[in-house]
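Novice: For reference, this is start-v2.pdb, and it has PDB, C-alpha atoms and all ligand atoms.
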```pdb
ATOM      1  CA  MET U1002      -8.277  35.593 261.420
ATOM      2  CA  GLU U1003      -7.403  32.283 259.820
ATOM      3  CA  SER U1004      -6.546  29.550 262.327
ATOM      4  CA  ILE U1005      -3.062  28.086 262.449
ATOM      5  CA  VAL U1006      -4.435  24.699 261.379
ATOM      6  CA  ASP U1007      -6.100  26.242 258.308
ATOM      7  CA  ARG U1008      -2.866  28.017 257.406
ATOM      8  CA  ILE U1009      -0.932  24.761 257.775
ATOM      9  CA  ARG U1010      -3.416  22.861 255.592
ATOM     10  CA  LYS U1011      -3.328  25.490 252.823
ATOM     11  CA  LEU U1012       0.454  25.561 252.789
ATOM     12  CA  ARG U1013       0.627  21.785 252.967
ATOM     13  CA  ASP U1014      -1.423  21.542 249.784
ATOM     14  CA  ARG U1015       0.542  24.302 248.038
ATOM     15  CA  ARG U1016       3.824  22.558 248.884
ATOM     16  CA  ARG U1017       2.466  19.115 247.934
ATOM     17  CA  ALA U1018       3.406  18.055 251.467
ATOM     18  CA  VAL U1019       2.259  15.306 253.798
ATOM     19  CA  ILE U1020       2.477  15.592 257.594
ATOM     20  CA  LEU U1021       3.364  12.385 259.443
ATOM     21  CA  ALA U1022       3.347  12.271 263.264
ATOM     22  CA  HIS U1023       4.383   9.667 265.813
ATOM     23  CA  ASN U1024       1.939   8.464 268.483
ATOM     24  CA  TYR U1025       3.972  10.305 271.175
ATOM     25  CA  THR U1026       3.759  13.819 269.729
ATOM     26  CA  LEU U1027       1.733  16.632 271.297
ATOM     27  CA  HIS U1028      -2.063  16.415 270.960
ATOM     28  CA  GLU U1029      -2.110  19.505 268.757
ATOM     29  CA  VAL U1030       0.353  17.847 266.375
ATOM     30  CA  GLN U1031      -1.526  14.538 266.247
ATOM     31  CA  ASP U1032      -4.790  16.382 265.572
ATOM     32  CA  LEU U1033      -3.486  18.243 262.541
ATOM     33  CA  ALA U1034      -1.303  15.487 261.041
ATOM     34  CA  ASP U1035      -2.355  13.577 257.928
ATOM     35  CA  PHE U1036      -1.299  10.322 259.536
ATOM     36  CA  VAL U1037      -0.394   9.302 263.098
ATOM     37  CA  GLY U1038       1.259   5.979 263.800
ATOM     38  CA  ASP U1039       4.081   3.911 265.249
ATOM     39  CA  SER U1040       7.627   3.765 263.847
ATOM     40  CA  LEU U1041       6.888   1.003 261.326
ATOM     41  CA  GLU U1042       3.692   2.640 260.097
ATOM     42  CA  LEU U1043       5.441   5.997 259.674
ATOM     43  CA  ALA U1044       8.165   4.292 257.644
ATOM     44  CA  PHE U1045       5.547   2.799 255.335
ATOM     45  CA  ARG U1046       3.613   6.022 255.016
ATOM     46  CA  ALA U1047       6.822   7.805 254.086
ATOM     47  CA  ALA U1048       7.721   5.127 251.529
ATOM     48  CA  GLU U1049       4.372   5.318 249.771
ATOM     49  CA  ALA U1050       3.785   9.084 250.066
ATOM     50  CA  ARG U1051       3.268  10.718 246.674
ATOM     51  CA  ALA U1052       4.441  14.094 247.963
ATOM     52  CA  ASP U1053       7.251  16.561 247.308
ATOM     53  CA  VAL U1054       7.706  17.237 251.007
ATOM     54  CA  ILE U1055       7.351  14.978 254.048
ATOM     55  CA  VAL U1056       7.072  16.854 257.343
ATOM     56  CA  LEU U1057       8.180  14.297 259.910
ATOM     57  CA  CYS U1058       6.891  15.068 263.412
ATOM     58  CA  GLY U1059       8.825  12.723 265.640
ATOM     59  CA  VAL U1060      12.529  12.227 266.251
ATOM     60  CA  TYR U1061      15.590  12.272 264.004
ATOM     61  CA  PHE U1062      15.948   8.571 263.234
ATOM     62  CA  MET U1063      12.352   8.529 261.943
ATOM     63  CA  ALA U1064      13.161  11.339 259.516
ATOM     64  CA  GLU U1065      16.305   9.488 258.363
ATOM     65  CA  THR U1066      14.233   6.348 257.797
ATOM     66  CA  ALA U1067      11.654   8.357 255.818
ATOM     67  CA  LYS U1068      14.437   9.801 253.653
ATOM     68  CA  LEU U1069      15.947   6.357 253.052
ATOM     69  CA  LEU U1070      12.580   4.976 251.936
ATOM     70  CA  ASN U1071      11.550   7.994 249.882
ATOM     71  CA  PRO U1072      14.777   9.599 248.619
ATOM     72  CA  GLY U1073      12.926  11.731 246.056
ATOM     73  CA  ALA U1074      11.010  13.714 248.680
ATOM     74  CA  SER U1075      12.393  16.497 250.858
ATOM     75  CA  VAL U1076      12.081  15.255 254.431
ATOM     76  CA  LEU U1077      11.792  18.100 256.924
ATOM     77  CA  MET U1078      11.720  18.172 260.701
ATOM     78  CA  PRO U1079       9.954  21.120 262.366
ATOM     79  CA  ASP U1080      12.614  21.019 265.113
ATOM     80  CA  LEU U1081      15.911  19.414 264.183
ATOM     81  CA  ARG U1082      16.939  19.137 267.830
ATOM     82  CA  ALA U1083      14.466  16.291 268.346
ATOM     83  CA  GLY U1084      16.809  13.341 268.744
ATOM     84  CA  CYS U1085      16.505  10.000 270.500
ATOM     85  CA  PRO U1086      18.847   9.549 273.488
ATOM     86  CA  MET U1087      18.689   5.789 273.043
ATOM     87  CA  ALA U1088      19.914   6.069 269.454
ATOM     88  CA  ASP U1089      22.800   8.222 270.727
ATOM     89  CA  MET U1090      23.902   5.434 273.092
ATOM     90  CA  LEU U1091      25.554   3.519 270.245
ATOM     91  CA  THR U1092      28.001   4.942 267.717
ATOM     92  CA  VAL U1093      29.093   3.167 264.589
ATOM     93  CA  GLU U1094      32.584   2.709 266.138
ATOM     94  CA  ASP U1095      30.959   1.078 269.198
ATOM     95  CA  LEU U1096      29.121  -1.304 266.906
ATOM     96  CA  ARG U1097      32.246  -2.211 264.940
ATOM     97  CA  GLN U1098      34.005  -3.073 268.201
ATOM     98  CA  ALA U1099      31.043  -5.112 269.444
ATOM     99  CA  LYS U1100      30.959  -7.055 266.149
ATOM    100  CA  ALA U1101      34.678  -7.764 266.459
ATOM    101  CA  ALA U1102      34.127  -9.010 270.019
ATOM    102  CA  HIS U1103      31.241 -11.270 268.888
ATOM    103  CA  PRO U1104      32.245 -12.607 265.464
ATOM    104  CA  GLY U1105      29.580 -14.523 263.556
ATOM    105  CA  CYS U1106      26.655 -12.777 265.282
ATOM    106  CA  ALA U1107      23.659 -11.603 263.282
ATOM    107  CA  VAL U1108      23.314  -7.919 264.169
ATOM    108  CA  VAL U1109      19.688  -6.919 264.708
ATOM    109  CA  CYS U1110      19.293  -3.187 264.974
ATOM    110  CA  TYR U1111      16.271  -1.399 266.456
ATOM    111  CA  VAL U1112      15.224   1.428 264.128
ATOM    112  CA  ASN U1113      15.897   3.793 267.046
ATOM    113  CA  SER U1114      19.473   4.162 265.788
ATOM    114  CA  SER U1115      21.474   6.296 263.365
ATOM    115  CA  ALA U1116      21.602   5.504 259.652
ATOM    116  CA  ALA U1117      25.329   4.772 260.068
ATOM    117  CA  VAL U1118      24.585   2.137 262.727
ATOM    118  CA  LYS U1119      21.887   0.615 260.505
ATOM    119  CA  ALA U1120      24.418   0.378 257.671
ATOM    120  CA  GLU U1121      26.708  -1.737 259.929
ATOM    121  CA  SER U1122      23.805  -4.040 260.875
ATOM    122  CA  ASP U1123      22.348  -7.107 259.162
ATOM    123  CA  ILE U1124      18.692  -6.297 259.669
ATOM    124  CA  CYS U1125      16.508  -3.694 261.385
ATOM    125  CA  CYS U1126      13.427  -4.148 263.542
ATOM    126  CA  THR U1127      10.837  -2.001 265.279
ATOM    127  CA  SER U1128       9.049  -2.718 268.531
ATOM    128  CA  SER U1129       6.137  -4.191 266.564
ATOM    129  CA  ASN U1130       8.184  -6.812 264.702
ATOM    130  CA  ALA U1131      11.289  -7.430 266.876
ATOM    131  CA  ALA U1132      10.198 -10.946 267.903
ATOM    132  CA  ALA U1133       9.392 -11.922 264.289
ATOM    133  CA  ILE U1134      12.751 -10.627 263.089
ATOM    134  CA  ILE U1135      14.621 -12.580 265.771
ATOM    135  CA  ALA U1136      12.587 -15.700 264.999
ATOM    136  CA  GLY U1137      13.783 -15.413 261.395
ATOM    137  CA  ILE U1138      17.502 -15.643 262.322
ATOM    138  CA  PRO U1139      18.841 -19.206 261.839
ATOM    139  CA  ALA U1140      18.762 -21.061 265.173
ATOM    140  CA  THR U1141      22.491 -21.813 265.005
ATOM    141  CA  GLN U1142      23.529 -18.173 264.588
ATOM    142  CA  PRO U1143      24.132 -16.047 267.706
ATOM    143  CA  ILE U1144      22.326 -12.693 267.832
ATOM    144  CA  LEU U1145      23.636  -9.271 268.816
ATOM    145  CA  PHE U1146      20.778  -6.829 269.411
ATOM    146  CA  VAL U1147      21.416  -3.063 269.449
ATOM    147  CA  PRO U1148      20.897  -0.545 270.975
ATOM    148  CA  ASP U1149      17.945  -1.331 273.322
ATOM    149  CA  ARG U1150      18.687  -3.943 275.981
ATOM    150  CA  ASN U1151      15.011  -4.030 277.068
ATOM    151  CA  LEU U1152      13.483  -4.640 273.651
ATOM    152  CA  GLY U1153      16.217  -7.173 272.783
ATOM    153  CA  GLU U1154      15.727  -9.065 276.037
ATOM    154  CA  TRP U1155      11.920  -9.096 275.605
ATOM    155  CA  ALA U1156      12.030 -10.249 271.978
ATOM    156  CA  GLY U1157      14.477 -13.027 272.934
ATOM    157  CA  GLU U1158      12.114 -14.176 275.700
ATOM    158  CA  VAL U1159       9.112 -14.204 273.352
ATOM    159  CA  VAL U1160      10.927 -16.339 270.808
ATOM    160  CA  GLY U1161      12.955 -18.431 273.281
ATOM    161  CA  ARG U1162      16.331 -17.290 271.921
ATOM    162  CA  ASP U1163      19.433 -16.188 273.757
ATOM    163  CA  VAL U1164      20.114 -12.600 272.629
ATOM    164  CA  LYS U1165      23.229 -10.555 273.460
ATOM    165  CA  CYS U1166      22.130  -6.949 273.948
ATOM    166  CA  TRP U1167      23.924  -3.624 273.770
ATOM    167  CA  ASP U1168      23.438  -1.761 277.053
ATOM    168  CA  GLY U1169      21.271   1.062 275.650
ATOM    169  CA  TYR U1170      17.847   2.045 276.917
ATOM    170  CA  CYS U1171      15.115   4.629 276.600
ATOM    171  CA  PRO U1172      15.356   7.110 279.501
ATOM    172  CA  THR U1173      11.611   7.753 279.338
ATOM    173  CA  HIS U1174      10.618   4.091 279.649
ATOM    174  CA  GLU U1175      13.329   3.325 282.237
ATOM    175  CA  ARG U1176      11.687   5.855 284.552
ATOM    176  CA  ILE U1177       8.478   3.871 284.650
ATOM    177  CA  LEU U1178       9.367   2.106 287.910
ATOM    178  CA  PRO U1179       7.558  -1.004 289.197
ATOM    179  CA  GLN U1180       6.456   0.857 292.325
ATOM    180  CA  TYR U1181       4.577   3.417 290.193
ATOM    181  CA  VAL U1182       2.825   0.647 288.308
ATOM    182  CA  GLN U1183       1.966  -1.045 291.599
ATOM    183  CA  GLN U1184       0.477   2.208 292.929
ATOM    184  CA  ALA U1185      -1.603   2.590 289.774
ATOM    185  CA  ARG U1186      -2.828  -1.000 290.138
ATOM    186  CA  GLU U1187      -3.918  -0.309 293.712
ATOM    187  CA  GLN U1188      -5.698   2.891 292.641
ATOM    188  CA  HIS U1189      -7.443   1.225 289.692
ATOM    189  CA  PRO U1190      -8.207  -2.395 290.589
ATOM    190  CA  GLY U1191      -9.569  -4.300 287.598
ATOM    191  CA  ALA U1192      -7.677  -2.198 285.053
ATOM    192  CA  LEU U1193      -5.432  -4.170 282.675
ATOM    193  CA  VAL U1194      -1.739  -3.179 282.555
ATOM    194  CA  VAL U1195      -0.402  -2.559 279.021
ATOM    195  CA  VAL U1196       3.339  -2.047 278.639
ATOM    196  CA  HIS U1197       5.743  -1.029 275.858
ATOM    197  CA  PRO U1198       8.710  -3.442 275.441
ATOM    198  CA  GLU U1199      11.172  -0.573 276.012
ATOM    199  CA  CYS U1200      10.164  -0.855 279.717
ATOM    200  CA  THR U1201      12.395  -2.802 282.086
ATOM    201  CA  SER U1202      11.922  -6.481 282.814
ATOM    202  CA  PRO U1203      10.271  -5.978 286.282
ATOM    203  CA  VAL U1204       7.668  -3.669 284.692
ATOM    204  CA  ARG U1205       7.073  -6.038 281.764
ATOM    205  CA  ALA U1206       6.514  -8.800 284.328
ATOM    206  CA  MET U1207       3.561  -6.789 285.715
ATOM    207  CA  ALA U1208       1.911  -6.494 282.286
ATOM    208  CA  ASN U1209      -1.265  -8.112 281.004
ATOM    209  CA  HIS U1210      -0.040  -7.243 277.521
ATOM    210  CA  VAL U1211       3.312  -6.057 276.081
ATOM    211  CA  ALA U1212       3.255  -4.360 272.656
ATOM    212  CA  SER U1213       4.392  -1.480 270.465
ATOM    213  CA  THR U1214       2.357   1.725 270.551
ATOM    214  CA  SER U1215       0.080   0.520 267.754
ATOM    215  CA  GLY U1216      -0.091  -2.917 269.370
ATOM    216  CA  ILE U1217      -1.294  -1.237 272.578
ATOM    217  CA  LEU U1218      -3.908   0.688 270.558
ATOM    218  CA  SER U1219      -5.287  -2.433 268.929
ATOM    219  CA  PHE U1220      -5.228  -4.437 272.190
ATOM    220  CA  CYS U1221      -7.203  -1.757 274.053
ATOM    221  CA  ARG U1222      -9.613  -1.323 271.133
ATOM    222  CA  THR U1223     -10.513  -5.015 270.965
ATOM    223  CA  SER U1224     -10.353  -5.873 274.687
ATOM    224  CA  SER U1225     -13.639  -6.365 276.528
ATOM    225  CA  CYS U1226     -12.062  -4.646 279.548
ATOM    226  CA  SER U1227     -12.964  -0.968 280.028
ATOM    227  CA  ALA U1228      -9.980   0.325 282.037
ATOM    228  CA  PHE U1229      -6.240   0.244 281.306
ATOM    229  CA  ILE U1230      -3.024   1.328 283.025
ATOM    230  CA  VAL U1231      -0.684   2.404 280.248
ATOM    231  CA  ALA U1232       3.109   2.159 280.595
ATOM    232  CA  THR U1233       4.567   4.112 277.709
ATOM    233  CA  GLU U1234       5.049   7.750 276.674
ATOM    234  CA  ARG U1235       1.959   9.754 277.688
ATOM    235  CA  GLY U1236       1.268  11.042 274.133
ATOM    236  CA  LEU U1237      -0.281   7.667 273.308
ATOM    237  CA  LEU U1238      -3.117   8.306 275.756
ATOM    238  CA  HIS U1239      -4.482  10.984 273.420
ATOM    239  CA  ARG U1240      -5.337   8.442 270.726
ATOM    240  CA  LEU U1241      -6.354   5.794 273.234
ATOM    241  CA  ARG U1242      -8.944   8.166 274.718
ATOM    242  CA  ALA U1243     -10.092   9.599 271.387
ATOM    243  CA  GLU U1244     -10.575   6.155 269.818
ATOM    244  CA  ASN U1245     -12.172   4.560 272.895
ATOM    245  CA  PRO U1246     -14.463   7.181 274.434
ATOM    246  CA  THR U1247     -16.252   4.687 276.686
ATOM    247  CA  LYS U1248     -13.023   3.290 278.175
ATOM    248  CA  GLU U1249     -10.693   4.714 280.830
ATOM    249  CA  PHE U1250      -6.918   5.067 280.532
ATOM    250  CA  PHE U1251      -4.528   5.817 283.391
ATOM    251  CA  GLU U1252      -0.828   6.701 283.278
ATOM    252  CA  ALA U1253       1.364   4.057 284.906
ATOM    253  CA  SER U1254       3.799   6.696 286.187
ATOM    254  CA  PRO U1255       3.985  10.506 286.504
ATOM    255  CA  HIS U1256       7.256  10.535 284.503
ATOM    256  CA  MET U1257       6.199   9.162 281.112
ATOM    257  CA  ILE U1258       7.393  12.080 278.988
ATOM    258  CA  CYS U1259       9.841  12.043 276.083
ATOM    259  CA  PRO U1260      10.981  15.692 275.872
ATOM    260  CA  ASN U1261      12.219  15.225 272.312
ATOM    261  CA  MET U1262       8.809  14.105 271.079
ATOM    262  CA  LYS U1263       7.326  17.264 272.576
ATOM    263  CA  LEU U1264       9.619  19.647 270.664
ATOM    264  CA  THR U1265       7.353  19.694 267.594
ATOM    265  CA  THR U1266       4.502  22.205 267.882
ATOM    266  CA  ALA U1267       1.828  23.489 265.497
ATOM    267  CA  GLU U1268       3.722  26.788 265.105
ATOM    268  CA  LYS U1269       6.929  24.994 264.140
ATOM    269  CA  ILE U1270       5.044  22.928 261.550
ATOM    270  CA  LEU U1271       3.694  26.168 260.063
ATOM    271  CA  TRP U1272       7.149  27.772 259.968
ATOM    272  CA  CYS U1273       8.548  24.592 258.459
ATOM    273  CA  LEU U1274       6.015  24.734 255.608
ATOM    274  CA  GLU U1275       6.576  28.471 255.129
ATOM    275  CA  ASP U1276      10.373  28.458 254.804
ATOM    276  CA  LEU U1277      11.216  24.749 254.289
ATOM    277  CA  PRO U1278      14.106  24.591 256.793
ATOM    278  CA  GLY U1279      15.165  21.479 258.705
ATOM    279  CA  GLU U1280      15.872  19.142 255.780
ATOM    280  CA  VAL U1281      17.198  15.727 256.780
ATOM    281  CA  THR U1282      19.602  13.913 254.472
ATOM    282  CA  VAL U1283      21.532  10.649 254.722
ATOM    283  CA  ALA U1284      25.172  10.495 253.596
ATOM    284  CA  ASP U1285      25.774   8.634 250.309
ATOM    285  CA  ASP U1286      28.314   6.261 251.865
ATOM    286  CA  VAL U1287      25.797   5.147 254.480
ATOM    287  CA  ALA U1288      22.416   5.232 252.692
ATOM    288  CA  PRO U1289      22.662   1.961 250.640
ATOM    289  CA  GLY U1290      23.670  -0.139 253.670
ATOM    290  CA  ALA U1291      21.033   1.415 255.924
ATOM    291  CA  ARG U1292      18.357   0.922 253.261
ATOM    292  CA  ARG U1293      19.380  -2.722 252.855
ATOM    293  CA  ALA U1294      18.948  -3.371 256.611
ATOM    294  CA  ILE U1295      15.499  -1.714 256.564
ATOM    295  CA  ASP U1296      14.438  -3.531 253.375
ATOM    296  CA  ARG U1297      15.417  -6.889 254.901
ATOM    297  CA  MET U1298      13.172  -6.082 257.859
ATOM    298  CA  LEU U1299      10.274  -5.191 255.571
ATOM    299  CA  ALA U1300      10.723  -8.440 253.614
ATOM    300  CA  VAL U1301      10.536 -10.557 256.795
ATOM    301  CA  ALA U1302       7.776  -8.609 258.540
ATOM    302  CA  PRO U1303       5.665  -6.496 256.207
ATOM    303  CA  PRO U1304       3.000  -4.428 257.977
ATOM    304  CA  ARG U1305      -0.251  -6.363 258.329
ATOM    305  CA  CYS U1306      -2.415  -3.463 257.206
ATOM    306  CA  ARG U1307      -1.308  -0.110 255.894
ATOM    307  CA  LYS U1308      -4.620   1.695 256.055
ATOM    308  CA  ALA U1309      -6.495   0.483 259.094
ATOM    309  CA  ARG U1310      -3.919   1.303 261.738
ATOM    310  CA  GLY U1311      -3.030   4.838 262.699
ATOM    311  CA  ARG U1312      -5.728   7.494 262.443
ATOM    312  CA  GLY U1313      -6.132   6.692 258.815
ATOM    313  CA  VAL U1314      -6.413  10.091 257.098
ATOM    314  CA  ASP U1315      -4.885   9.308 253.756
ATOM    315  CA  HIS U1316      -4.062  12.763 252.460
ATOM    316  CA  GLU U1317      -2.407  12.714 249.097
ATOM    317  CA  PRO U1318      -2.047  16.296 247.953
ATOM    318  CA  HIS U1319      -2.732  17.124 244.332
TER     319      HIS U1319
HETATM  320  P1  LIG Q1401       6.770   2.434 268.489
HETATM  321  O1  LIG Q1401       5.749   3.515 268.284
HETATM  322  O2  LIG Q1401       7.221   1.885 267.192
HETATM  323  O3  LIG Q1401       6.250   1.419 269.442
HETATM  324  O4  LIG Q1401       8.092   3.102 269.088
HETATM  325  C1  LIG Q1401       8.247   3.658 270.307
HETATM  326  C2  LIG Q1401       9.348   4.640 270.375
HETATM  327  O5  LIG Q1401       9.943   4.831 271.373
HETATM  328  C3  LIG Q1401       9.674   5.428 269.227
HETATM  329  O6  LIG Q1401      10.692   6.252 269.598
HETATM  330 FE1  LIG Q1402      13.846   7.664 272.060
HETATM  331 FE2  LIG Q1402      12.518   6.855 274.226
HETATM  332 FE3  LIG Q1402      11.895   9.181 273.152
HETATM  333 FE4  LIG Q1402      11.287   6.891 271.881
HETATM  334  S1  LIG Q1402      10.467   7.609 273.832
HETATM  335  S2  LIG Q1402      12.197   8.719 270.986
HETATM  336  S3  LIG Q1402      13.048   5.619 272.463
HETATM  337  S4  LIG Q1402      13.854   8.614 274.092
END
```
Once you've parsed the file, please lay out its structure as structure tokens.
Specialist:
Amino acid sequence: MESIVDRIRKLRDRRRAVILAHNYTLHEVQDLADFVGDSLELAFRAAEARADVIVLCGVYFMAETAKLLNPGASVLMPDLRAGCPMADMLTVEDLRQAKAAHPGCAVVCYVNSSAAVKAESDICCTSSNAAAIIAGIPATQPILFVPDRNLGEWAGEVVGRDVKCWDGYCPTHERILPQYVQQAREQHPGALVVVHPECTSPVRAMANHVASTSGILSFCRTSSCSAFIVATERGLLHRLRAENPTKEFFEASPHMICPNMKLTTAEKILWCLEDLPGEVTVADDVAPGARRAIDRMLAVAPPRCRKARGRGVDHEPH
């Protein structure tokens, strides 16, 4: 009998589809995807995909971003329930009130947010370019960063800017407690600690390196060290191990799971390509503003290399 992966690949080609997956998805999803990457890389892959259908394996805001950057393609999610609790911590009404309370602020919005929130913001950022985006705001202008207080605080520290942050956070990264990291350090002396900026300040203070998921991948790839304690969602360890077979990677905590990222399975990708359900759209009154905030980000901080990062399978169906 034909394997599920073979069935997916055949249907993918028949549908002129491309399968994009985030670094946190299940191993089985990463292994069958055409491209695996961080939020910024997925946005670029979506923008440049010459496909009728984009199957976005990740969470809802990533699918919205893909749709904004490639409005001609149908963007499908294999499981529409996959949201981001951090994005849900800020509504557009919340943001309007915060802007009224802090007039004159430049609003920097993490892409982990709804399209409506992006449309109310001046510029977007991802975890791989947050510091560069903040550095580009005129020194005299105050900054309001939404919705992640941890990423906003970290980016402000890197650049030496005072940043007012919305009180949102990622529940997965907040559960990586300093005591877990300390235990891992004691168990694996000599291992370097690599941390995602969505982690809290005490955990970031224990890091040898703080970076986005793709930043962690490139740091571990080029480091002369052979052991790493990784403080981010556990899905990233799949690529870290696959791309660095001679190095060791340890989880910084037993709780590094984003349940939303795990909702996409190989079966759901197959069903998605069979029946084409789960289409993601962005309302017409919101799309132009959201696209403007994303485009401003891309103008300030274009990706350094589109091909080399991620797993690099560049499937363009015929
Ligand atoms: P990056 O892969 O862009 O670092 O993002 C992490 C994340 O939490 C996405 O939801
Ligand atoms: Fe949202 Fe955190 Fe999951 Fe990323 S890891 S999708 S920020 S809940």
Novice: List, as a PyMOL selection string, every residue that the PyMOL selection byres (((chain U and resi 1173-1183) around 12) and not hetatm) selects in the file provided.
Specialist: chain U and resi 1025+1085-1087+1149-1152+1169-1172+1184-1190+1192-1208+1229-1235+1251-1262
Novice: Name the residues within 12 Å of (20.4, -2.1, 255.1), counting all atoms listed in the file in the file's coordinates, and put them as a ChimeraX atom specification.
Specialist: /U:1066,1069-1070,1108-1110,1112,1115-1126,1286-1300
Novice: Around ligand LIG 1401 (chain Q), out to 7 Å and counting all atoms listed in the file, which residues are there? I want them as a ChimeraX atom specification.
Specialist: /U:1023-1024,1038-1041,1085,1113,1127-1129,1197,1213-1215
Novice: Could you work out an axis-aligned bounding box for all listed atoms of ligand LIG 1402 (chain Q), with 3 Å added on each of the six sides, and give its centre and edge lengths in Å to one decimal, as JSON?
Specialist:
```
{"center_x": 12.2, "center_y": 7.4, "center_z": 272.6, "size_x": 9.4, "size_y": 9.6, "size_z": 9.2}
```
Novice: So what does the PyMOL selection byres (((chain U and resi 1071-1075) around 8) and not hetatm) actually pick up in this one, as number ranges by chain?
Specialist: U: 1047-1050, 1052-1055, 1067-1070, 1076-1077, 1280-1281
Novice: Would you write out, as a CSV table (one decimal) with C-alpha atoms, in the coordinates of the input, every residue that the PyMOL selection byres (((chain U and resi 1167) around 8) and not hetatm) captures in this file?
Specialist:
```csv
chain,number,residue,atom,x,y,z
U,1145,LEU,CA,23.6,-9.3,268.8
U,1146,PHE,CA,20.8,-6.8,269.4
U,1147,VAL,CA,21.4,-3.1,269.4
U,1148,PRO,CA,20.9,-0.5,271.0
U,1149,ASP,CA,17.9,-1.3,273.3
U,1150,ARG,CA,18.7,-3.9,276.0
U,1165,LYS,CA,23.2,-10.6,273.5
U,1166,CYS,CA,22.1,-6.9,273.9
U,1168,ASP,CA,23.4,-1.8,277.1
U,1169,GLY,CA,21.3,1.1,275.6
```
Novice: Within 9 Å of Pro1278 of chain U, counting all atoms listed in the file, which residues qualify if same-chain residues fewer than 3 places away don't, as a ChimeraX atom specification?
Specialist: /U:1077-1079,1272-1275
Novice: Could you tell me how far atom CA of Arg1222 of chain U sits from atom CA of Asn1245 of chain U, in Å to one decimal place?
Specialist: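 These atoms are spaced 6.7 Å apart.
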Novice: Kindly indicate which residue among U:Glu1003, U:Glu1244, U:Glu1154, U:Asp1163 lies nearest to Ser1219 of chain U, using all atoms listed in the file for the distances.
Specialist: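 Among the listed residues, U:Glu1244 lies closest to Ser1219 of chain U.
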Novice: What is the atom CA of Ser1225 of chain U to atom CA of Thr1247 of chain U distance in Å?
Specialist: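 About the pair atom CA of Ser1225 of chain U and atom CA of Thr1247 of chain U: they are 11.4 Å apart.
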Novice: Using all atoms listed in the file - which residues lie no farther than 6 Å from the point (-6.4, 19.9, 261.8) in the file's frame? Write them as a PyMOL selection string.
Specialist: chain U and resi 1006+1032-1033
Novice: For the atom pair atom CA of Ile1217 of chain U and atom FE4 of ligand LIG 1402 (chain Q), what is the interatomic distance in Å to one decimal place?
Specialist: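 Distance between the two atoms: 15.0 Å.
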Novice: Hey, what's within 12 Å of Leu1271 of chain U if we count all atoms listed in the file and toss same-chain stuff fewer than 2 positions away? As a ChimeraX atom specification, please?
Specialist: /U:1004-1013,1016,1018,1020,1030,1033-1034,1056,1077-1080,1265-1269,1273-1278
Novice: List the neighbours of Leu1021 of chain U out to 6 Å using all atoms listed in the file; skip same-chain residues closer than 5 positions along the sequence, and give me the result as a PyMOL selection string.
Specialist: chain U and resi 1034+1036+1057-1058
Novice: Name the closest residue to ligand LIG 1402 (chain Q) among the candidates U:Gly1216, U:Gly1161, U:Gly1137, U:Gly1059; distances are taken between atoms, counting all atoms listed in the file.
Specialist: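 Result for the nearest residue to ligand LIG 1402 (chain Q): U:Gly1059.
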Novice: Identify which of the residues U:Met1002, U:Cys1106, U:Leu1264, U:Leu1241 lies closest to Phe1220 of chain U, counting all atoms listed in the file when measuring atom-to-atom distances.
Specialist: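 For Phe1220 of chain U, the nearest of the candidates is U:Leu1241.
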